[in-house]
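> This is the structure I want to talk about, given as structure tokens.
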Amino acid sequence: MPSSLKITFLGTGTSSGVPMIACGCEVCTSANKKDKRLRSSILVESEQTTLVVDTTPDFRYQMLRENVKKMDAVLYTHPHKDHVAGLDDIKAFNYFQKQAINVYANELTQKALRNEFYYIFAENKYPGVPDVILNDIHGAPFTVGDIDIIPVNVWHLKMPVLGFRFNDFTYITDANRIDDAEREKIKGSKVLVLNALRHEKHISHFSLPEAIALAQELEIPQVYFTHISHQLGLHETVSGMLPAGCALAYDGLQLTMP
Ligand SMILES: [Zn+2]
Ligand SMILES: [Zn+2]
């Protein structure tokens, strides 16, 4: 019997976040809290285990906002800066837990982490730098504590990106294409999160119409869209246009998955 999970959306914005620095558009100046989107990430909690998918540039604030007191693992989708930049702040969990934090990533992301956070992986480390253990995700399901995880390979233009299925909840960001064999891993999910950048087509992200079409094709009863750009429009306006079973995610949204 898999343990029930609490999912918290730490951020639902695209790489520049919403509002975007120096932008005066109606979305970026909206007073609605749901139009404030930090960079995309989710927190997944069971009774015993806490993990985060990606460490965004907003990671520190996201941990403080949600009052996260422990971290068992970080799962990475891909090495773009908006998904990895916050790794340095994992050091607070090292400090209080007095142990290394397990990081799970594909080969491409591991290589980027070793480059971009060279000091974490140096032979002679400066005191106080993050302490992490890299674990390879090579396609097979794996377990973190009492949470079972099925990795799903998706495409971000030509970059392989990992989505993750936890029980009947599947989280996919930064994709614009999913092969048939990988779609099979998503089918049967009760909740699916998909990236939907904006209305117009984009080279490496699903547009809103593409994400809606995919959700319907996969016959998922409840779909949430994330990794949203200010170009998508106001949360309230866009939410009112979506078909049944589709909704925009927003920062702080929580779901309980049996
Ligand atoms: Zn991204
Ligand atoms: Zn990306």
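We name chains A, B, ... following the order of the structure tokens; residues begin at 1 in each chain, and ligands are numbered from 1 as shown.
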As a quick test: using only C-alpha atoms and all ligand atoms, which residues lie no more than 7 Å away from ligand 2? Give them as JSON, numbers by chain.
{"A": [78, 80, 156, 174]}
> Suppose we keep all heavy atoms; can you now write the selection as an mmCIF file, in the first residue's frame?

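And here's part_3.cif as it stands now:
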```cif
data_model
loop_
_atom_site.group_PDB
_atom_site.id
_atom_site.type_symbol
_atom_site.label_atom_id
_atom_site.label_comp_id
_atom_site.auth_asym_id
_atom_site.auth_seq_id
_atom_site.Cartn_x
_atom_site.Cartn_y
_atom_site.Cartn_z
ATOM 1 N N HIS A 78 15.849 18.566 -15.196
ATOM 2 C CA HIS A 78 16.829 18.884 -16.242
ATOM 3 C C HIS A 78 17.692 20.044 -15.755
ATOM 4 O O HIS A 78 17.365 20.694 -14.751
ATOM 5 C CB HIS A 78 16.143 19.195 -17.577
ATOM 6 C CG HIS A 78 15.356 20.482 -17.615
ATOM 7 N ND1 HIS A 78 14.326 20.756 -16.736
ATOM 8 C CD2 HIS A 78 15.458 21.567 -18.421
ATOM 9 C CE1 HIS A 78 13.834 21.940 -17.021
ATOM 10 N NE2 HIS A 78 14.499 22.465 -18.025
ATOM 11 N N HIS A 80 18.471 23.129 -16.776
ATOM 12 C CA HIS A 80 18.303 24.566 -17.027
ATOM 13 C C HIS A 80 18.326 25.321 -15.693
ATOM 14 O O HIS A 80 17.841 24.840 -14.676
ATOM 15 C CB HIS A 80 17.019 24.837 -17.805
ATOM 16 C CG HIS A 80 17.175 24.564 -19.271
ATOM 17 N ND1 HIS A 80 16.113 24.351 -20.101
ATOM 18 C CD2 HIS A 80 18.291 24.474 -20.045
ATOM 19 C CE1 HIS A 80 16.562 24.138 -21.345
ATOM 20 N NE2 HIS A 80 17.885 24.199 -21.325
ATOM 21 N N HIS A 156 12.413 18.293 -24.370
ATOM 22 C CA HIS A 156 12.393 19.758 -24.260
ATOM 23 C C HIS A 156 13.221 20.193 -25.465
ATOM 24 O O HIS A 156 14.431 20.301 -25.350
ATOM 25 C CB HIS A 156 13.095 20.082 -22.937
ATOM 26 C CG HIS A 156 13.011 21.477 -22.415
ATOM 27 N ND1 HIS A 156 12.012 22.361 -22.716
ATOM 28 C CD2 HIS A 156 13.836 22.136 -21.529
ATOM 29 C CE1 HIS A 156 12.236 23.494 -22.033
ATOM 30 N NE2 HIS A 156 13.335 23.380 -21.333
ATOM 31 N N ASP A 174 8.629 21.516 -18.566
ATOM 32 C CA ASP A 174 9.637 21.739 -19.602
ATOM 33 C C ASP A 174 9.671 20.639 -20.663
ATOM 34 O O ASP A 174 10.726 20.097 -20.979
ATOM 35 C CB ASP A 174 11.016 21.946 -18.969
ATOM 36 C CG ASP A 174 11.067 23.243 -18.191
ATOM 37 O OD1 ASP A 174 10.277 23.376 -17.240
ATOM 38 O OD2 ASP A 174 11.860 24.128 -18.541
#
```
> So which residues are near ligand 1, meaning at most 7 Å away with only C-alpha atoms and all ligand atoms counted, given back as a ChimeraX atom specification?
/A:14-15,40,80,82-83,174,227
> Can I get the residues of segment 6-64 of chain A within 10 Å of segment 91-113 of chain A, each with the closest pair of atoms and their distance in Å to one decimal, using only C-alpha atoms, sorted chain first then ascending number, as a Markdown table?

```
| residue | atom | partner | partner_atom | distance |
| --- | --- | --- | --- | --- |
| A:Leu51 | CA | A:Asn102 | CA | 9.6 |
| A:Val52 | CA | A:Val103 | CA | 9.8 |
| A:Val53 | CA | A:Tyr104 | CA | 9.5 |
| A:Asp54 | CA | A:Ala105 | CA | 9.8 |
| A:Arg60 | CA | A:Ala92 | CA | 9.3 |
```
> Which polymer residues have any atom within 6 Å of an atom of Leu162 of chain A, counting only C-alpha atoms, with same-chain residues fewer than 4 positions away left out, as a PyMOL selection string?
chain A and resi 77+152-153
